[in-house]
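With mmCIF, C-alpha atoms and all ligand atoms inside, this is structure_15.cif:
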data_work
#
loop_
_atom_site.label_atom_id
_atom_site.label_comp_id
_atom_site.auth_asym_id
_atom_site.auth_seq_id
_atom_site.Cartn_x
_atom_site.Cartn_y
_atom_site.Cartn_z
CA MET A 1 -44.71 13.01 11.02
CA SER A 2 -48.22 11.92 12.05
CA PRO A 3 -48.65 9.41 14.89
CA LEU A 4 -51.18 7.65 12.66
CA THR A 5 -48.44 6.75 10.23
CA ASP A 6 -46.09 5.51 12.93
CA SER A 7 -44.78 2.05 12.23
CA ASN A 8 -44.88 -0.82 14.67
CA ASN A 9 -41.99 -2.83 15.83
CA SER A 10 -40.12 -4.56 13.02
CA ASP A 11 -41.74 -2.74 10.09
CA ALA A 12 -38.56 -0.99 9.01
CA SER A 13 -36.14 -3.91 9.35
CA SER A 14 -38.64 -6.25 7.65
CA ALA A 15 -39.17 -3.83 4.77
CA LEU A 16 -35.41 -3.33 4.39
CA LYS A 17 -34.83 -7.07 4.30
CA SER A 18 -37.60 -7.83 1.80
CA GLY A 19 -36.83 -4.76 -0.32
CA THR A 20 -33.17 -5.73 -0.75
CA GLY A 21 -33.23 -9.54 -0.58
CA ASP A 22 -32.80 -9.94 -4.34
CA LEU A 23 -29.93 -7.46 -4.41
CA HIS A 24 -28.25 -9.22 -1.50
CA ARG A 25 -28.38 -12.48 -3.42
CA GLN A 26 -27.04 -10.82 -6.58
CA VAL A 27 -24.17 -9.10 -4.78
CA GLU A 28 -23.30 -12.23 -2.85
CA GLU A 29 -23.35 -14.41 -5.97
CA SER A 30 -21.90 -12.13 -8.61
CA ILE A 31 -18.85 -10.73 -6.82
CA ASP A 32 -15.99 -13.09 -7.41
CA TRP A 33 -15.02 -13.42 -3.76
CA ARG A 34 -12.36 -16.02 -4.49
CA ALA A 35 -10.68 -13.59 -6.89
CA ASN A 36 -11.05 -10.66 -4.47
CA LEU A 37 -9.67 -12.62 -1.53
CA GLY A 38 -7.64 -15.28 -3.34
CA ASP A 39 -4.17 -14.14 -2.27
CA LEU A 40 -2.51 -11.22 -0.52
CA ASP A 41 -2.17 -9.15 -3.73
CA ALA A 42 -5.88 -9.46 -4.42
CA TYR A 43 -6.69 -8.87 -0.74
CA GLU A 44 -4.63 -5.67 -0.74
CA GLN A 45 -6.66 -4.37 -3.68
CA PHE A 46 -9.92 -5.45 -2.04
CA LEU A 47 -9.02 -3.44 1.10
CA ALA A 48 -8.07 -0.42 -1.01
CA LYS A 49 -11.39 -0.53 -2.88
CA VAL A 50 -13.46 -0.99 0.27
CA SER A 51 -11.68 1.80 2.08
CA PHE A 52 -12.23 4.06 -0.97
CA PHE A 53 -15.96 3.65 -1.55
CA LEU A 54 -17.05 3.14 2.05
CA SER A 55 -15.30 6.22 3.47
CA PRO A 56 -17.93 8.73 2.27
CA ALA A 57 -20.73 6.38 3.43
CA ASP A 58 -19.24 6.34 6.92
CA ARG A 59 -18.95 10.10 6.92
CA ILE A 60 -22.63 10.42 5.97
CA ILE A 61 -23.64 8.10 8.83
CA ASP A 62 -21.41 10.02 11.19
CA ASP A 63 -22.81 13.38 10.07
CA TYR A 64 -26.38 12.29 10.74
CA PHE A 65 -26.04 9.99 13.74
CA GLY A 66 -22.49 10.27 15.08
CA ARG A 67 -23.49 12.29 18.10
CA ASP A 68 -26.73 10.40 18.83
CA GLU A 69 -25.79 7.16 20.53
CA GLY A 70 -22.62 5.60 21.85
CA TRP A 71 -22.66 2.51 19.64
CA PHE A 72 -22.08 4.60 16.54
CA GLN A 73 -18.63 5.41 17.90
CA THR A 74 -17.65 1.72 17.87
CA ARG A 75 -19.04 0.88 14.42
CA ARG A 76 -16.88 -0.95 11.91
CA THR A 77 -15.83 1.67 9.36
CA ALA A 78 -13.63 2.04 6.31
CA VAL A 79 -10.88 3.13 8.70
CA TRP A 80 -10.64 -0.53 9.74
CA ALA A 81 -10.05 -1.57 6.11
CA ARG A 82 -7.56 1.26 5.73
CA SER A 83 -5.57 0.14 8.78
CA ASP A 84 -5.59 -3.48 7.51
CA TRP A 85 -4.32 -2.20 4.17
CA MET A 86 -1.53 -0.18 5.78
CA GLN A 87 -0.47 -3.07 7.98
CA LEU A 88 -0.45 -5.42 5.00
CA VAL A 89 1.53 -3.05 2.80
CA HIS A 90 4.08 -2.38 5.52
CA SER A 91 4.59 -6.07 6.13
CA ARG A 92 5.42 -6.66 2.46
CA SER A 93 8.30 -5.57 0.26
CA GLU A 94 10.01 -2.19 0.60
CA GLU A 95 8.76 -1.34 -2.86
CA ASP A 96 5.17 -1.71 -1.59
CA GLN A 97 5.74 0.74 1.24
CA GLY A 98 5.64 3.75 -1.07
CA LYS A 99 2.07 2.93 -2.08
CA SER A 100 -0.83 5.17 -1.16
CA LEU A 101 -4.58 4.80 -1.23
CA PRO A 102 -6.77 6.77 -3.66
CA ASP A 103 -8.32 9.90 -2.20
CA PRO A 104 -11.73 8.79 -0.83
CA ALA A 105 -13.11 12.28 -1.50
CA THR A 106 -13.34 11.27 -5.16
CA ALA A 107 -15.90 8.63 -4.11
CA ASP A 108 -18.23 11.37 -2.78
CA GLU A 109 -19.98 11.54 -6.13
CA LEU A 110 -21.34 8.02 -5.57
CA TYR A 111 -23.50 9.44 -2.77
CA HIS A 112 -24.86 12.67 -4.26
CA TRP A 113 -28.36 11.27 -4.02
CA VAL A 114 -28.27 11.30 -0.19
CA GLY A 115 -30.71 13.92 1.04
CA GLY A 116 -31.59 13.18 4.65
CA PRO A 117 -31.43 10.92 7.69
CA ALA A 118 -33.65 8.18 6.21
CA ASP A 119 -31.17 7.79 3.35
CA ALA A 120 -28.35 7.56 5.88
CA ALA A 121 -30.30 4.91 7.81
CA GLY A 122 -30.66 2.83 4.62
CA ILE A 123 -26.89 3.03 4.11
CA LEU A 124 -26.34 2.04 7.74
CA TYR A 125 -28.58 -1.01 7.23
CA VAL A 126 -26.38 -2.30 4.38
CA LEU A 127 -23.05 -1.58 6.07
CA GLU A 128 -24.02 -3.13 9.38
CA GLY A 129 -25.86 -6.07 7.77
CA SER A 130 -22.78 -6.82 5.71
CA THR A 131 -20.87 -7.64 8.92
CA MET A 132 -22.84 -10.90 9.00
CA GLY A 133 -21.52 -12.08 5.63
CA SER A 134 -18.13 -10.67 6.52
CA LEU A 135 -17.51 -13.44 9.06
CA PHE A 136 -17.86 -15.95 6.23
CA LEU A 137 -15.58 -13.88 4.00
CA CYS A 138 -13.03 -13.67 6.81
CA ASN A 139 -12.81 -17.47 6.95
CA LEU A 140 -12.64 -17.66 3.16
CA ALA A 141 -9.82 -15.11 3.01
CA CYS A 142 -7.81 -16.70 5.81
CA SER A 143 -8.08 -20.14 4.22
CA ASN A 144 -6.60 -18.65 1.00
CA PHE A 145 -3.59 -16.91 2.54
CA GLU A 146 -0.39 -18.82 3.00
CA SER A 147 0.14 -17.45 6.48
CA ALA A 148 -3.32 -16.56 7.67
CA SER A 149 -2.09 -15.60 11.12
CA ASP A 150 -0.07 -12.70 9.62
CA ALA A 151 -2.85 -11.24 7.49
CA PRO A 152 -4.63 -8.26 9.04
CA VAL A 153 -8.38 -8.99 9.03
CA LYS A 154 -9.84 -6.44 11.44
CA PHE A 155 -12.33 -5.25 8.81
CA LEU A 156 -13.45 -8.71 7.68
CA ARG A 157 -13.68 -10.02 11.23
CA ALA A 158 -16.12 -7.19 11.98
CA TYR A 159 -17.29 -7.54 15.60
CA GLY A 160 -16.26 -11.19 15.95
CA LYS A 161 -18.49 -13.06 18.36
CA ASP A 162 -20.49 -9.88 19.02
CA THR A 163 -21.47 -9.50 15.36
CA ALA A 164 -24.89 -11.19 15.57
CA ARG A 165 -25.80 -9.35 18.77
CA ARG A 166 -24.80 -5.99 17.30
CA TRP A 167 -26.81 -6.74 14.19
CA GLN A 168 -29.93 -7.39 16.31
CA GLU A 169 -29.32 -4.07 18.10
CA THR A 170 -28.92 -2.25 14.79
CA LYS A 171 -32.25 -3.62 13.57
CA LEU A 172 -33.95 -2.48 16.79
CA TRP A 173 -32.45 0.98 16.31
CA LEU A 174 -33.67 1.11 12.69
CA ASP A 175 -37.14 0.06 13.83
CA ARG A 176 -37.19 2.87 16.39
CA PHE A 177 -35.68 5.48 14.10
CA LEU A 178 -37.66 4.92 10.89
CA LYS A 179 -41.20 5.70 11.98
CA THR A 180 -43.32 6.59 8.99
CA LYS A 181 -44.09 4.73 5.77
CA ASP A 182 -42.31 7.47 3.83
CA GLU A 183 -39.18 7.23 5.94
CA ILE A 184 -39.14 3.46 5.54
CA ALA A 185 -39.64 3.69 1.77
CA THR A 186 -36.80 6.24 1.53
CA ALA A 187 -34.50 4.01 3.58
CA VAL A 188 -35.32 0.94 1.43
CA SER A 189 -34.53 2.89 -1.72
CA ALA A 190 -31.25 4.13 -0.18
CA ALA A 191 -30.32 0.59 0.87
CA GLN A 192 -30.93 -0.59 -2.71
CA LYS A 193 -28.62 2.16 -3.99
CA MET A 194 -25.99 1.18 -1.41
CA PHE A 195 -26.12 -2.45 -2.54
CA GLN A 196 -25.64 -1.26 -6.11
CA ILE A 197 -22.64 0.85 -5.11
CA TYR A 198 -21.15 -2.11 -3.26
CA GLY A 199 -21.66 -4.47 -6.18
CA GLY A 200 -20.53 -1.91 -8.75
CA GLN A 201 -17.35 -1.03 -6.88
CA LEU A 202 -16.38 -4.65 -6.33
CA SER A 203 -16.98 -5.29 -10.03
CA CYS A 204 -20.09 -7.28 -10.43
CA LYS A 205 -22.88 -6.64 -12.89
CA ILE A 206 -26.05 -5.50 -11.14
C1 LIG A 301 -20.35 -14.13 0.30
C2 LIG A 301 -20.80 -13.00 0.77
C3 LIG A 301 -21.91 -12.91 1.77
C4 LIG A 301 -22.50 -13.87 2.52
C5 LIG A 301 -22.17 -15.34 2.60
C6 LIG A 301 -23.54 -13.23 3.28
C7 LIG A 301 -24.32 -13.85 4.21
C8 LIG A 301 -25.21 -13.25 5.02
C9 LIG A 301 -25.92 -13.89 6.11
C10 LIG A 301 -25.77 -15.35 6.51
C11 LIG A 301 -26.73 -12.97 6.65
C12 LIG A 301 -27.68 -13.18 7.81
C13 LIG A 301 -29.07 -13.44 7.27
C14 LIG A 301 -30.10 -13.53 8.37
O1 LIG A 301 -29.80 -13.30 9.54
O2 LIG A 301 -31.24 -13.82 8.02
C15 LIG A 301 -26.54 -11.75 5.91
C16 LIG A 301 -27.22 -10.60 6.16
C17 LIG A 301 -27.01 -9.44 5.49
N1 LIG A 301 -26.04 -9.18 4.55
FE1 LIG A 301 -24.85 -10.55 3.72
N2 LIG A 301 -23.57 -11.90 2.98
C18 LIG A 301 -22.58 -11.67 2.06
C19 LIG A 301 -22.25 -10.48 1.50
C20 LIG A 301 -22.88 -9.30 1.78
C21 LIG A 301 -22.52 -8.03 1.21
C22 LIG A 301 -21.35 -7.76 0.27
C23 LIG A 301 -23.41 -7.12 1.69
C24 LIG A 301 -23.48 -5.65 1.42
C25 LIG A 301 -23.33 -5.13 0.25
C26 LIG A 301 -24.32 -7.82 2.57
C27 LIG A 301 -25.36 -7.25 3.23
C28 LIG A 301 -26.17 -7.89 4.13
C29 LIG A 301 -27.30 -7.28 4.83
C30 LIG A 301 -27.79 -5.87 4.67
C31 LIG A 301 -27.81 -8.26 5.66
C32 LIG A 301 -29.00 -8.11 6.61
C33 LIG A 301 -30.21 -8.86 6.06
C34 LIG A 301 -31.36 -8.75 7.04
O3 LIG A 301 -32.10 -7.79 6.97
O4 LIG A 301 -31.47 -9.62 7.91
N3 LIG A 301 -23.97 -9.13 2.60
N4 LIG A 301 -25.60 -11.93 4.94
#

Show me, as structure tokens, the structure contained in the file I just sent.
Ligand code: HEM
Amino acid sequence: MSPLTDSNNSDASSALKSGTGDLHRQVEESIDWRANLGDLDAYEQFLAKVSFFLSPADRIIDDYFGRDEGWFQTRRTAVWARSDWMQLVHSRSEEDQGKSLPDPATADELYHWVGGPADAAGILYVLEGSTMGSLFLCNLACSNFESASDAPVKFLRAYGKDTARRWQETKLWLDRFLKTKDEIATAVSAAQKMFQIYGGQLSCKI
């Protein structure tokens, strides 16, 4: 990595935003959020899907950065969706309690293209950025449930009032971590793939 190719300041976060803006719009618009979050049955399936396809992504982030900095330990992960799912299932009928989630290891194949830390950083960008939209989705979901106070929404609530601050910190980290033009380009391409996985798994056409 040559110092001459070092990036300045917000190069990485700006490139990630501009390189994925169209995909963000497509994912936001083409996933039928009302159907995914319309009632507790749909919400249960949404949590199962999220916990399935995000688990390997979290493991990749953990493998590359888990030991680096403390804030990675407190990230929102698929485990949060899994615990919401379990709480929801256990609060419902006895019949539901025998249910189990699909093995997330079978989602590993979605990430075979990951080859290094810049790919993992691109994935991190999408997962952490999605906490911003998640606050909106949390309100949407709760307004659809009959008893919103009973529905577990740890995953959708993300970091609550700390979400915007954490997002700013994530962008600063990305700007420090992704230094060269090549690293940034790799991360943008990985973020695009992550958006496609997200959209594909939640059934929209992108
Ligand atoms: C209805 C659904 C969604 C809404 C309303 C929404 C809304 C938002 C908003 C308001 C922001 C902050 C923009 C800014 O600070 O300039 C944002 C950022 C972001 N969202 Fe979403 N979002 C949604 C779904 C998603 C999903 C499903 C993903 C991931 C697949 C996602 C990924 C991101 C990313 C990566 C950013 C950071 C953009 C940046 O670089 O500033 N969003 N979203």

Residues near region 188-203 of chain A, cut-off 10 Å, all atoms listed in the file, skip fewer than 5 positions along chain, as a PyMOL selection string: chain A and resi 12-13+15-24+26-28+30-33+36+46+49-50+52-54+57+110-111+113-115+118-127+130+182-183

Restricting it to C-alpha atoms, dump the selection as a tab-separated table (two decimals), in the frame of the given file.
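Once everything was written out, this is result36.tsv:
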chain	number	residue	atom	x	y	z
A	12	ALA	CA	-38.56	-0.99	9.01
A	13	SER	CA	-36.14	-3.91	9.35
A	15	ALA	CA	-39.17	-3.83	4.77
A	16	LEU	CA	-35.41	-3.33	4.39
A	17	LYS	CA	-34.83	-7.07	4.30
A	18	SER	CA	-37.60	-7.83	1.80
A	19	GLY	CA	-36.83	-4.76	-0.32
A	20	THR	CA	-33.17	-5.73	-0.75
A	21	GLY	CA	-33.23	-9.54	-0.58
A	22	ASP	CA	-32.80	-9.94	-4.34
A	23	LEU	CA	-29.93	-7.46	-4.41
A	24	HIS	CA	-28.25	-9.22	-1.50
A	26	GLN	CA	-27.04	-10.82	-6.58
A	27	VAL	CA	-24.17	-9.10	-4.78
A	28	GLU	CA	-23.30	-12.23	-2.85
A	30	SER	CA	-21.90	-12.13	-8.61
A	31	ILE	CA	-18.85	-10.73	-6.82
A	32	ASP	CA	-15.99	-13.09	-7.41
A	33	TRP	CA	-15.02	-13.42	-3.76
A	36	ASN	CA	-11.05	-10.66	-4.47
A	46	PHE	CA	-9.92	-5.45	-2.04
A	49	LYS	CA	-11.39	-0.53	-2.88
A	50	VAL	CA	-13.46	-0.99	0.27
A	52	PHE	CA	-12.23	4.06	-0.97
A	53	PHE	CA	-15.96	3.65	-1.55
A	54	LEU	CA	-17.05	3.14	2.05
A	57	ALA	CA	-20.73	6.38	3.43
A	110	LEU	CA	-21.34	8.02	-5.57
A	111	TYR	CA	-23.50	9.44	-2.77
A	113	TRP	CA	-28.36	11.27	-4.02
A	114	VAL	CA	-28.27	11.30	-0.19
A	115	GLY	CA	-30.71	13.92	1.04
A	118	ALA	CA	-33.65	8.18	6.21
A	119	ASP	CA	-31.17	7.79	3.35
A	120	ALA	CA	-28.35	7.56	5.88
A	121	ALA	CA	-30.30	4.91	7.81
A	122	GLY	CA	-30.66	2.83	4.62
A	123	ILE	CA	-26.89	3.03	4.11
A	124	LEU	CA	-26.34	2.04	7.74
A	125	TYR	CA	-28.58	-1.01	7.23
A	126	VAL	CA	-26.38	-2.30	4.38
A	127	LEU	CA	-23.05	-1.58	6.07
A	130	SER	CA	-22.78	-6.82	5.71
A	182	ASP	CA	-42.31	7.47	3.83
A	183	GLU	CA	-39.18	7.23	5.94

Non-local contacts of Cys138 (chain A) (6 Å; all atoms listed in the file; under 4 positions in same chain excluded) as a ChimeraX atom specification: /A:134,156-157

Residue nearest ligand LIG 301 (chain A) - candidates A:Glu44, A:Asp175, A:Glu146, A:Glu69, atoms counted: all atoms listed in the file: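 Checking each candidate against ligand LIG 301 (chain A), we get A:Asp175 as the closest.
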
Using only C-alpha atoms and all ligand atoms: which of A:Phe177, A:Phe155, A:Phe136, A:Phe145 has the shortest distance to ligand LIG 301 (chain A):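 Under the stated criterion, the closest residue is A:Phe136.
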
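Closest approach to Ile60 (chain A) among A:His90, A:Arg82, A:His112, A:Arg25: A:His112, based on all atoms listed in the file.
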
Pairwise distance for atom C16 of ligand LIG 301 (chain A) and CA of Leu88 (chain A), rounded to one decimal in Å: 27.3 Å

Contact residues around Gln168 (chain A) with all atoms listed in the file at 12 Å, ignoring same-chain residues under 3 positions, as a VMD selection string: chain A and resid 10 13 125 128 to 129 131 to 132 162 to 165 171 to 175

Selected residue of minimal separation from ligand LIG 301 (chain A) among A:Ala107, A:Leu137, A:Leu37, A:Ala42, counting only C-alpha atoms and all ligand atoms: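 Among the listed residues, A:Leu137 lies closest to ligand LIG 301 (chain A).
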
Counting all atoms listed in the file, the option among A:Ile184, A:Leu135, A:Ala81, A:Val89 closest to ligand LIG 301 (chain A):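 Counting all atoms listed in the file, the residue closest to ligand LIG 301 (chain A) is A:Leu135.
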
Distance of CA of Ser55 (chain A) from CA of Trp80 (chain A), expressed in Å to one decimal place: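 CA of Trp80 (chain A) sits 10.3 Å away from CA of Ser55 (chain A).
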
Residue with smallest distance to Gln45 (chain A) - pool A:Arg67, A:Lys179, A:Arg76, A:Lys99, counting all atoms listed in the file: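 Looking at the shortest contact to Gln45 (chain A), the residue is A:Lys99.
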
Atom pair CA of Leu101 (chain A) / atom C22 of ligand LIG 301 (chain A): separation (Å): 21.0 Å
